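Quick look at work_2.txt (compact mmCIF, C-alpha atoms):
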```txt
# COMPACT_ATOMS: atom_id res chain seq x y z
CA MET K 1 -3.75 -3.25 -8.57
CA GLN K 2 -1.96 -6.01 -6.65
CA THR K 3 0.53 -5.65 -3.84
CA SER K 4 2.52 -8.22 -2.00
CA PHE K 5 0.69 -7.62 1.27
CA GLY K 6 -2.56 -7.86 -0.69
CA LYS K 7 -2.12 -11.61 -1.21
CA LEU K 8 -3.56 -12.20 2.24
CA LYS K 9 -7.14 -13.28 2.72
CA PHE K 10 -8.23 -9.70 3.22
CA LEU K 11 -8.44 -9.42 -0.54
CA ASN K 12 -11.94 -10.68 0.18
CA VAL K 13 -12.55 -7.26 1.75
CA ARG K 14 -11.41 -5.60 -1.47
CA ASN K 15 -13.74 -7.92 -3.37
CA LYS K 16 -16.62 -6.87 -1.11
CA ALA K 17 -15.83 -3.24 -1.92
CA PHE K 18 -15.94 -4.14 -5.63
CA GLU K 19 -19.30 -5.88 -5.20
CA ALA K 20 -20.64 -2.79 -3.45
CA TYR K 21 -19.34 -0.64 -6.32
CA LYS K 22 -21.10 -2.86 -8.88
CA ALA K 23 -24.30 -2.63 -6.80
CA LYS K 24 -23.82 1.17 -6.62
CA ASN K 25 -24.04 0.95 -2.82
CA ILE K 26 -21.79 3.80 -1.70
CA ASP K 27 -22.32 3.21 2.02
CA GLN K 28 -21.25 -0.41 1.77
CA PHE K 29 -18.39 0.56 -0.55
CA ASN K 30 -17.15 3.11 2.00
CA GLN K 31 -17.38 0.53 4.78
CA TYR K 32 -15.24 -2.05 2.94
CA ALA K 33 -12.80 0.51 1.51
CA SER K 34 -12.26 1.90 5.00
CA LEU K 35 -11.75 -1.56 6.45
CA PHE K 36 -9.24 -2.38 3.71
CA ILE K 37 -7.23 0.77 4.47
CA GLN K 38 -7.31 -0.03 8.21
CA ILE K 39 -5.97 -3.50 7.49
CA ALA K 40 -3.15 -2.06 5.38
CA ALA K 41 -2.19 0.29 8.22
CA ASP K 42 -2.25 -2.61 10.67
CA VAL K 43 -0.14 -4.81 8.40
CA ASP K 44 2.39 -1.98 8.40
CA ARG K 45 2.30 -2.00 12.20
CA ILE K 46 2.83 -5.78 12.25
CA VAL K 47 5.89 -5.74 10.03
CA ALA K 48 7.27 -2.74 11.95
CA THR K 49 7.88 -5.08 14.88
CA ARG K 50 10.69 -6.70 12.85
CA PRO K 51 13.70 -4.53 11.86
CA GLU K 52 14.45 -6.72 8.83
CA PHE K 53 11.15 -5.54 7.33
CA SER K 54 11.95 -1.84 7.59
CA LEU K 55 11.92 0.55 4.64
CA ASN K 56 14.03 2.88 6.76
CA ASN K 57 16.75 0.22 7.02
CA TRP K 58 16.57 -0.34 3.24
CA ILE K 59 16.94 3.40 2.56
CA THR K 60 19.68 3.81 5.18
CA ALA K 61 21.62 1.00 3.50
CA SER K 62 21.35 2.81 0.16
CA HIS K 63 23.01 5.87 1.70
CA LYS K 64 26.17 3.83 2.26
CA PHE K 65 26.85 3.75 -1.47
CA GLU K 66 29.00 6.51 -2.87
CA ALA K 67 30.06 7.82 -6.24
CA ALA K 68 31.97 11.01 -6.92
CA ASP K 69 29.50 12.10 -9.57
CA ALA K 70 26.26 11.05 -7.81
CA PRO K 71 24.46 12.63 -4.87
CA LYS K 72 23.18 10.51 -1.98
CA SER K 73 19.66 11.02 -3.34
CA TYR K 74 20.62 9.06 -6.48
CA PHE K 75 21.12 5.87 -4.49
CA GLU K 76 18.02 6.42 -2.36
CA LYS K 77 15.89 6.90 -5.48
CA ASN K 78 17.32 3.75 -7.04
CA ALA K 79 16.67 1.76 -3.85
CA LYS K 80 13.05 2.93 -3.94
CA VAL K 81 12.66 2.29 -7.68
CA LEU K 82 13.95 -1.25 -7.20
CA ILE K 83 11.11 -2.16 -4.83
CA THR K 84 8.33 -0.21 -6.55
CA THR K 85 8.34 0.91 -10.19
CA TRP K 86 11.27 -1.28 -11.23
CA GLY K 87 12.62 1.07 -13.84
CA GLN K 88 11.71 4.33 -15.42
CA GLN K 89 8.47 6.20 -14.96
CA ASP K 90 5.48 4.32 -16.44
CA SER K 91 7.33 1.00 -16.34
CA GLU K 92 5.10 -2.01 -16.91
CA LEU K 93 6.94 -3.99 -14.24
CA VAL K 94 5.44 -2.13 -11.29
CA ASP K 95 5.63 -4.17 -8.08
CA TYR K 96 7.91 -6.72 -9.78
CA ALA K 97 10.20 -6.75 -6.74
CA ALA K 98 7.61 -5.64 -4.17
CA ARG K 99 8.48 -5.84 -0.51
CA ASP K 100 6.39 -5.89 2.64
CA PHE K 101 8.43 -3.23 4.41
CA SER K 102 7.06 -1.17 7.25
CA GLY K 103 6.95 2.37 5.98
CA LEU K 104 6.54 1.18 2.39
CA ILE K 105 3.13 -0.30 3.07
CA ASP K 106 1.96 2.88 4.79
CA SER K 107 3.57 5.55 2.59
CA TYR K 108 3.26 3.81 -0.79
CA TYR K 109 0.87 0.85 -1.06
CA LYS K 110 -1.77 2.20 1.29
CA LYS K 111 -1.64 5.59 -0.43
CA ARG K 112 -2.14 3.97 -3.84
CA TRP K 113 -5.19 2.14 -2.49
CA GLU K 114 -6.52 5.38 -0.98
CA ILE K 115 -6.20 7.07 -4.38
CA PHE K 116 -7.99 4.13 -5.99
CA PHE K 117 -10.83 4.08 -3.48
CA ASP K 118 -11.18 7.88 -3.71
CA ASP K 119 -11.48 7.70 -7.50
CA VAL K 120 -13.99 4.85 -7.33
CA ARG K 121 -15.97 6.72 -4.66
CA LYS K 122 -16.05 9.80 -6.90
CA SER K 123 -17.35 7.77 -9.83
CA LEU K 124 -20.07 6.33 -7.57
CA LYS K 125 -21.08 9.77 -6.29
CA ASP K 126 -21.09 11.25 -9.79
CA SER K 127 -22.79 8.20 -11.32
CA THR K 128 -20.00 7.92 -13.88
CA THR K 129 -17.91 5.01 -15.06
CA PHE K 130 -14.57 4.56 -13.33
CA ASP K 131 -11.86 5.96 -15.63
CA GLN K 132 -9.12 3.32 -15.52
CA LYS K 133 -6.85 5.21 -17.91
CA LEU K 134 -6.97 8.40 -15.86
CA PHE K 135 -6.43 6.40 -12.69
CA ASP K 136 -3.39 4.63 -14.18
CA GLN K 137 -1.87 8.01 -15.09
CA LYS K 138 -2.54 9.36 -11.61
CA ILE K 139 -0.95 6.30 -9.98
CA ALA K 140 2.10 6.44 -12.27
CA GLU K 141 2.60 10.07 -11.28
CA PHE K 142 2.23 9.25 -7.59
CA GLU K 143 4.66 6.31 -7.83
CA TRP K 144 7.36 8.30 -9.57
CA LYS K 145 6.97 11.28 -7.25
CA TRP K 146 7.27 8.90 -4.29
CA CYS K 147 10.49 7.44 -5.73
CA GLU K 148 11.95 10.89 -6.27
CA SER K 149 11.05 12.31 -2.86
CA GLU K 150 13.32 12.00 0.15
CA TYR K 151 12.13 9.33 2.55
CA LYS K 152 11.44 10.51 6.07
CA ASP K 153 11.13 7.73 8.62
CA ASN K 154 8.25 8.58 10.94
CA SER K 155 8.07 5.22 12.65
CA THR K 156 8.73 4.51 16.25
CA ILE K 157 8.30 0.91 17.24
CA THR K 158 6.57 0.82 20.60
CA GLU K 159 4.56 -2.35 20.21
CA THR K 160 5.64 -5.88 20.91
CA PRO K 161 4.37 -8.55 18.53
CA SER K 162 2.37 -10.24 21.30
CA GLN K 163 0.68 -6.99 22.39
CA LEU K 164 -0.14 -6.15 18.80
CA ALA K 165 -1.46 -9.65 18.07
CA ARG K 166 -3.88 -9.43 21.00
CA GLU K 167 -5.06 -5.96 19.97
CA LEU K 168 -5.58 -6.92 16.33
CA TYR K 169 -7.29 -10.19 17.17
CA THR K 170 -9.80 -8.27 19.27
CA LYS K 171 -10.21 -5.64 16.56
CA TYR K 172 -10.72 -8.05 13.66
CA ILE K 173 -12.45 -11.10 15.14
CA LYS K 174 -15.82 -9.73 14.06
CA TYR K 175 -14.56 -9.69 10.45
CA PHE K 176 -13.16 -13.24 10.31
CA SER K 177 -16.03 -14.43 8.11
CA LEU K 178 -14.93 -11.90 5.45
CA PHE K 179 -11.41 -13.36 5.39
CA SER K 180 -12.49 -16.94 4.72
CA GLU K 181 -12.55 -18.58 1.31
CA GLN K 182 -15.79 -18.03 -0.57
```
Show this structure as structure tokens.
Amino acid sequence: MQTSFGKLKFLNVRNKAFEAYKAKNIDQFNQYASLFIQIAADVDRIVATRPEFSLNNWITASHKFEAADAPKSYFEKNAKVLITTWGQQDSELVDYAARDFSGLIDSYYKKRWEIFFDDVRKSLKDSTTFDQKLFDQKIAEFEWKWCESEYKDNSTITETPSQLARELYTKYIKYFSLFSEQ
């Protein structure tokens, strides 16, 4: 499962979680999965400092379209489909036009990763093989439900980029070795 924000070096953290899974080390897996989810939340915070990277702005723009025979929700759903599933349910072009929008990272990409890590964690705890097919079905259902649901903007930008940069540098400096090429 690849996302646009996932192209950053922190994919090494995901890889560490995978190594822990292969080693059947649930404690280490939980550590790296948790760190990955924290990073996703913080990437959302970073892009939230720029209005041009706002899912809310994207959705609000979709509400400006009108058609006599289509409700406002039609255009919102299509705006969401465009940046996620790229077509009908179970489309094979998922993430084709992915965006790094604040709100999208937190409510969509991060949630998909949480579902993934939860399923992997369950397979580790139960000593069973990860069921990729079942996971794919679960994710397809989540994605389509997300596209069909009304978006509620819960963000309030209170951080300046410089304040956030200082905070995140302090938070993540101890992990820098994980982000380097290996």
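Shortest separation to Glu150 (chain K) among K:Phe29, K:Phe75, K:Tyr21, K:Phe36 occurs at residue K:Phe75, atoms counted being only C-alpha atoms.
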#### Entry: Residues within 6 Å of region 55-60 of chain K, only C-alpha atoms, excluding chain neighbours under 6 positions, as JSON, numbers by chain
{"K": [76, 101, 102, 103, 104, 153]}
Could those residues be written to a file, using C-alpha atoms, as a PDB file, in the frame of the given file?
```
ATOM      1  CA  GLU K  76      18.020   6.420  -2.360  1.00  0.00           C
ATOM      2  CA  PHE K 101       8.430  -3.230   4.410  1.00  0.00           C
ATOM      3  CA  SER K 102       7.060  -1.170   7.250  1.00  0.00           C
ATOM      4  CA  GLY K 103       6.950   2.370   5.980  1.00  0.00           C
ATOM      5  CA  LEU K 104       6.540   1.180   2.390  1.00  0.00           C
ATOM      6  CA  ASP K 153      11.130   7.730   8.620  1.00  0.00           C
TER       7      ASP K 153
END
```
Hey, what's within 12 Å of Arg50 (chain K) if we count all atoms listed in the file and toss same-chain stuff fewer than 3 positions away? As a PDB file with C-alpha atoms, keeping the file's coordinate frame, please?
```pdb
ATOM      1  CA  VAL K  43      -0.140  -4.810   8.400  1.00  0.00           C
ATOM      2  CA  ASP K  44       2.390  -1.980   8.400  1.00  0.00           C
ATOM      3  CA  ARG K  45       2.300  -2.000  12.200  1.00  0.00           C
ATOM      4  CA  ILE K  46       2.830  -5.780  12.250  1.00  0.00           C
ATOM      5  CA  VAL K  47       5.890  -5.740  10.030  1.00  0.00           C
ATOM      6  CA  PHE K  53      11.150  -5.540   7.330  1.00  0.00           C
ATOM      7  CA  SER K  54      11.950  -1.840   7.590  1.00  0.00           C
ATOM      8  CA  LEU K  55      11.920   0.550   4.640  1.00  0.00           C
ATOM      9  CA  ASN K  56      14.030   2.880   6.760  1.00  0.00           C
ATOM     10  CA  ASN K  57      16.750   0.220   7.020  1.00  0.00           C
ATOM     11  CA  ASP K 100       6.390  -5.890   2.640  1.00  0.00           C
ATOM     12  CA  PHE K 101       8.430  -3.230   4.410  1.00  0.00           C
ATOM     13  CA  SER K 102       7.060  -1.170   7.250  1.00  0.00           C
ATOM     14  CA  GLY K 103       6.950   2.370   5.980  1.00  0.00           C
ATOM     15  CA  THR K 156       8.730   4.510  16.250  1.00  0.00           C
ATOM     16  CA  ILE K 157       8.300   0.910  17.240  1.00  0.00           C
ATOM     17  CA  THR K 158       6.570   0.820  20.600  1.00  0.00           C
ATOM     18  CA  GLU K 159       4.560  -2.350  20.210  1.00  0.00           C
ATOM     19  CA  THR K 160       5.640  -5.880  20.910  1.00  0.00           C
ATOM     20  CA  PRO K 161       4.370  -8.550  18.530  1.00  0.00           C
TER      21      PRO K 161
END
```
### Task
Please indicate the distance in Å from CA of Glu143 (chain K) to CA of Phe18 (chain K), rounded to one decimal place.
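Computing it gives 23.2 Å between the two atoms.
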### Gap from CA of Gln31 (chain K) to CA of Ser123 (chain K) - Å, one decimal
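So the two atoms, CA of Gln31 (chain K) and CA of Ser123 (chain K), lie 16.3 Å apart.
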### Task
For CA of Lys64 (chain K) and CA of Tyr109 (chain K), determine how far apart the two atoms are, in Å to one decimal place.
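These two atoms are separated by 25.7 Å.
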### Message
List as a list in words the protein and nucleic acid residues near Lys125 (chain K), meaning an atom at most 10 Å away when all atoms listed in the file are counted, but skip any in the same chain fewer than 5 places from it.
### Response
Lys24, Asn25, Ile26, Asp119 and Val120 of chain K
Resulting file, chosen residues, C-alpha atoms, as a compact mmCIF listing (two decimals), in the frame of the given file:
```
# COMPACT_ATOMS: atom_id res chain seq x y z
CA LYS K 24 -23.82 1.17 -6.62
CA ASN K 25 -24.04 0.95 -2.82
CA ILE K 26 -21.79 3.80 -1.70
CA ASP K 119 -11.48 7.70 -7.50
CA VAL K 120 -13.99 4.85 -7.33
```
### Task
Tell me which of K:Ile115, K:Leu178, K:Cys147, K:Ile105 sits closest to Ala48 (chain K), counting all atoms listed in the file.
K:Ile105
### Message
With distances taken over all atoms listed in the file, which residue among K:Leu124, K:Leu93, K:Ala98, K:Leu82 lies nearest Asp27 (chain K)?
### Response
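Counting all atoms listed in the file, the residue closest to Asp27 (chain K) is K:Leu124.
Nearest to Phe130 (chain K) of all the residues K:Tyr108, K:Phe142, K:Tyr74, K:Phe116 is K:Phe116, based on all atoms listed in the file.
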Put the listed atoms of region 165-170 of chain K in a box along x, y and z with 6 Å added on every side and give me the centre and edge lengths in Å to one decimal, as lines of an AutoDock Vina configuration file.
```
center_x = -5.6
center_y = -8.1
center_z = 18.7
size_x = 20.3
size_y = 16.2
size_z = 16.7
```
### Query
Smallest atom-to-atom distance to Ala33 (chain K): which of K:Gln137, K:Thr49, K:Gln132, K:Asn12, using all atoms listed in the file?
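For Ala33 (chain K), the nearest of the candidates is K:Asn12.
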### Distance query 9 Å from (-10.1, 2.8, 5.8) using all atoms listed in the file, result as a PyMOL selection string
chain K and resi 30-41+114
Selected residues, C-alpha atoms, written as a PDB file, in the frame of the given file, please.
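What ended up in again.pdb:
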```
ATOM      1  CA  ASN K  30     -17.150   3.110   2.000  1.00  0.00           C
ATOM      2  CA  GLN K  31     -17.380   0.530   4.780  1.00  0.00           C
ATOM      3  CA  TYR K  32     -15.240  -2.050   2.940  1.00  0.00           C
ATOM      4  CA  ALA K  33     -12.800   0.510   1.510  1.00  0.00           C
ATOM      5  CA  SER K  34     -12.260   1.900   5.000  1.00  0.00           C
ATOM      6  CA  LEU K  35     -11.750  -1.560   6.450  1.00  0.00           C
ATOM      7  CA  PHE K  36      -9.240  -2.380   3.710  1.00  0.00           C
ATOM      8  CA  ILE K  37      -7.230   0.770   4.470  1.00  0.00           C
ATOM      9  CA  GLN K  38      -7.310  -0.030   8.210  1.00  0.00           C
ATOM     10  CA  ILE K  39      -5.970  -3.500   7.490  1.00  0.00           C
ATOM     11  CA  ALA K  40      -3.150  -2.060   5.380  1.00  0.00           C
ATOM     12  CA  ALA K  41      -2.190   0.290   8.220  1.00  0.00           C
ATOM     13  CA  GLU K 114      -6.520   5.380  -0.980  1.00  0.00           C
TER      14      GLU K 114
END
```
### Task
Write out as a ChimeraX atom specification which residues come within 12 Å of Trp86 (chain K) when counting all atoms listed in the file, dropping same-chain ones fewer than 3 positions away.
/K:77-83,89-99,143-144,147
Atoms added to region 113-144 of chain K (N, CA and C atoms), reported as an mmCIF file, in the coordinates of the input:
```
data_model
loop_
_atom_site.group_PDB
_atom_site.id
_atom_site.type_symbol
_atom_site.label_atom_id
_atom_site.label_comp_id
_atom_site.auth_asym_id
_atom_site.auth_seq_id
_atom_site.Cartn_x
_atom_site.Cartn_y
_atom_site.Cartn_z
ATOM 1 N N TRP K 113 -3.825 2.641 -2.697
ATOM 2 C CA TRP K 113 -5.190 2.140 -2.490
ATOM 3 C C TRP K 113 -6.133 3.283 -2.119
ATOM 4 N N GLU K 114 -5.670 4.233 -1.330
ATOM 5 C CA GLU K 114 -6.520 5.380 -0.980
ATOM 6 C C GLU K 114 -6.895 6.170 -2.230
ATOM 7 N N ILE K 115 -5.928 6.372 -3.122
ATOM 8 C CA ILE K 115 -6.200 7.070 -4.380
ATOM 9 C C ILE K 115 -7.237 6.284 -5.192
ATOM 10 N N PHE K 116 -7.054 4.976 -5.264
ATOM 11 C CA PHE K 116 -7.990 4.130 -5.990
ATOM 12 C C PHE K 116 -9.394 4.235 -5.410
ATOM 13 N N PHE K 117 -9.510 4.035 -4.106
ATOM 14 C CA PHE K 117 -10.830 4.080 -3.480
ATOM 15 C C PHE K 117 -11.463 5.468 -3.614
ATOM 16 N N ASP K 118 -10.653 6.528 -3.530
ATOM 17 C CA ASP K 118 -11.180 7.880 -3.710
ATOM 18 C C ASP K 118 -11.737 8.071 -5.129
ATOM 19 N N ASP K 119 -11.015 7.570 -6.121
ATOM 20 C CA ASP K 119 -11.480 7.700 -7.500
ATOM 21 C C ASP K 119 -12.751 6.881 -7.744
ATOM 22 N N VAL K 120 -12.791 5.679 -7.191
ATOM 23 C CA VAL K 120 -13.990 4.850 -7.330
ATOM 24 C C VAL K 120 -15.166 5.519 -6.623
ATOM 25 N N ARG K 121 -14.914 6.026 -5.430
ATOM 26 C CA ARG K 121 -15.970 6.720 -4.660
ATOM 27 C C ARG K 121 -16.516 7.903 -5.464
ATOM 28 N N LYS K 122 -15.623 8.654 -6.097
ATOM 29 C CA LYS K 122 -16.050 9.800 -6.900
ATOM 30 C C LYS K 122 -16.920 9.340 -8.064
ATOM 31 N N SER K 123 -16.534 8.252 -8.711
ATOM 32 C CA SER K 123 -17.350 7.770 -9.830
ATOM 33 C C SER K 123 -18.724 7.307 -9.336
ATOM 34 N N LEU K 124 -18.772 6.730 -8.139
ATOM 35 C CA LEU K 124 -20.070 6.330 -7.570
ATOM 36 C C LEU K 124 -20.932 7.557 -7.276
ATOM 37 N N LYS K 125 -20.331 8.560 -6.637
ATOM 38 C CA LYS K 125 -21.080 9.770 -6.290
ATOM 39 C C LYS K 125 -21.588 10.505 -7.520
ATOM 40 N N ASP K 126 -20.741 10.531 -8.567
ATOM 41 C CA ASP K 126 -21.090 11.250 -9.790
ATOM 42 C C ASP K 126 -21.882 10.405 -10.779
ATOM 43 N N SER K 127 -22.107 9.145 -10.420
ATOM 44 C CA SER K 127 -22.790 8.200 -11.320
ATOM 45 C C SER K 127 -22.113 8.128 -12.688
ATOM 46 N N THR K 128 -20.784 8.053 -12.652
ATOM 47 C CA THR K 128 -20.000 7.920 -13.880
ATOM 48 C C THR K 128 -19.210 6.624 -13.832
ATOM 49 N N THR K 129 -18.728 6.209 -14.979
ATOM 50 C CA THR K 129 -17.910 5.010 -15.060
ATOM 51 C C THR K 129 -16.500 5.326 -14.570
ATOM 52 N N PHE K 130 -15.939 4.413 -13.814
ATOM 53 C CA PHE K 130 -14.570 4.560 -13.330
ATOM 54 C C PHE K 130 -13.632 4.677 -14.529
ATOM 55 N N ASP K 131 -12.778 5.691 -14.516
ATOM 56 C CA ASP K 131 -11.860 5.960 -15.630
ATOM 57 C C ASP K 131 -10.512 5.306 -15.328
ATOM 58 N N GLN K 132 -10.337 4.077 -15.795
ATOM 59 C CA GLN K 132 -9.120 3.320 -15.520
ATOM 60 C C GLN K 132 -7.877 4.001 -16.092
ATOM 61 N N LYS K 133 -7.998 4.567 -17.265
ATOM 62 C CA LYS K 133 -6.850 5.210 -17.910
ATOM 63 C C LYS K 133 -6.379 6.420 -17.097
ATOM 64 N N LEU K 134 -7.307 7.231 -16.680
ATOM 65 C CA LEU K 134 -6.970 8.400 -15.860
ATOM 66 C C LEU K 134 -6.369 7.952 -14.525
ATOM 67 N N PHE K 135 -6.958 6.928 -13.943
ATOM 68 C CA PHE K 135 -6.430 6.400 -12.690
ATOM 69 C C PHE K 135 -4.995 5.895 -12.873
ATOM 70 N N ASP K 136 -4.732 5.152 -13.931
ATOM 71 C CA ASP K 136 -3.390 4.630 -14.180
ATOM 72 C C ASP K 136 -2.376 5.766 -14.307
ATOM 73 N N GLN K 137 -2.762 6.844 -14.961
ATOM 74 C CA GLN K 137 -1.870 8.010 -15.090
ATOM 75 C C GLN K 137 -1.608 8.639 -13.722
ATOM 76 N N LYS K 138 -2.660 8.768 -12.938
ATOM 77 C CA LYS K 138 -2.540 9.360 -11.610
ATOM 78 C C LYS K 138 -1.611 8.520 -10.719
ATOM 79 N N ILE K 139 -1.768 7.205 -10.796
ATOM 80 C CA ILE K 139 -0.950 6.300 -9.980
ATOM 81 C C ILE K 139 0.503 6.352 -10.442
ATOM 82 N N ALA K 140 0.729 6.360 -11.754
ATOM 83 C CA ALA K 140 2.100 6.440 -12.270
ATOM 84 C C ALA K 140 2.790 7.712 -11.793
ATOM 85 N N GLU K 141 2.055 8.812 -11.786
ATOM 86 C CA GLU K 141 2.600 10.070 -11.280
ATOM 87 C C GLU K 141 2.925 9.970 -9.790
ATOM 88 N N PHE K 142 1.991 9.413 -9.027
ATOM 89 C CA PHE K 142 2.230 9.250 -7.590
ATOM 90 C C PHE K 142 3.467 8.383 -7.345
ATOM 91 N N GLU K 143 3.551 7.245 -8.044
ATOM 92 C CA GLU K 143 4.660 6.310 -7.830
ATOM 93 C C GLU K 143 6.007 6.976 -8.109
ATOM 94 N N TRP K 144 6.091 7.692 -9.215
ATOM 95 C CA TRP K 144 7.360 8.300 -9.570
ATOM 96 C C TRP K 144 7.718 9.437 -8.608
#
```
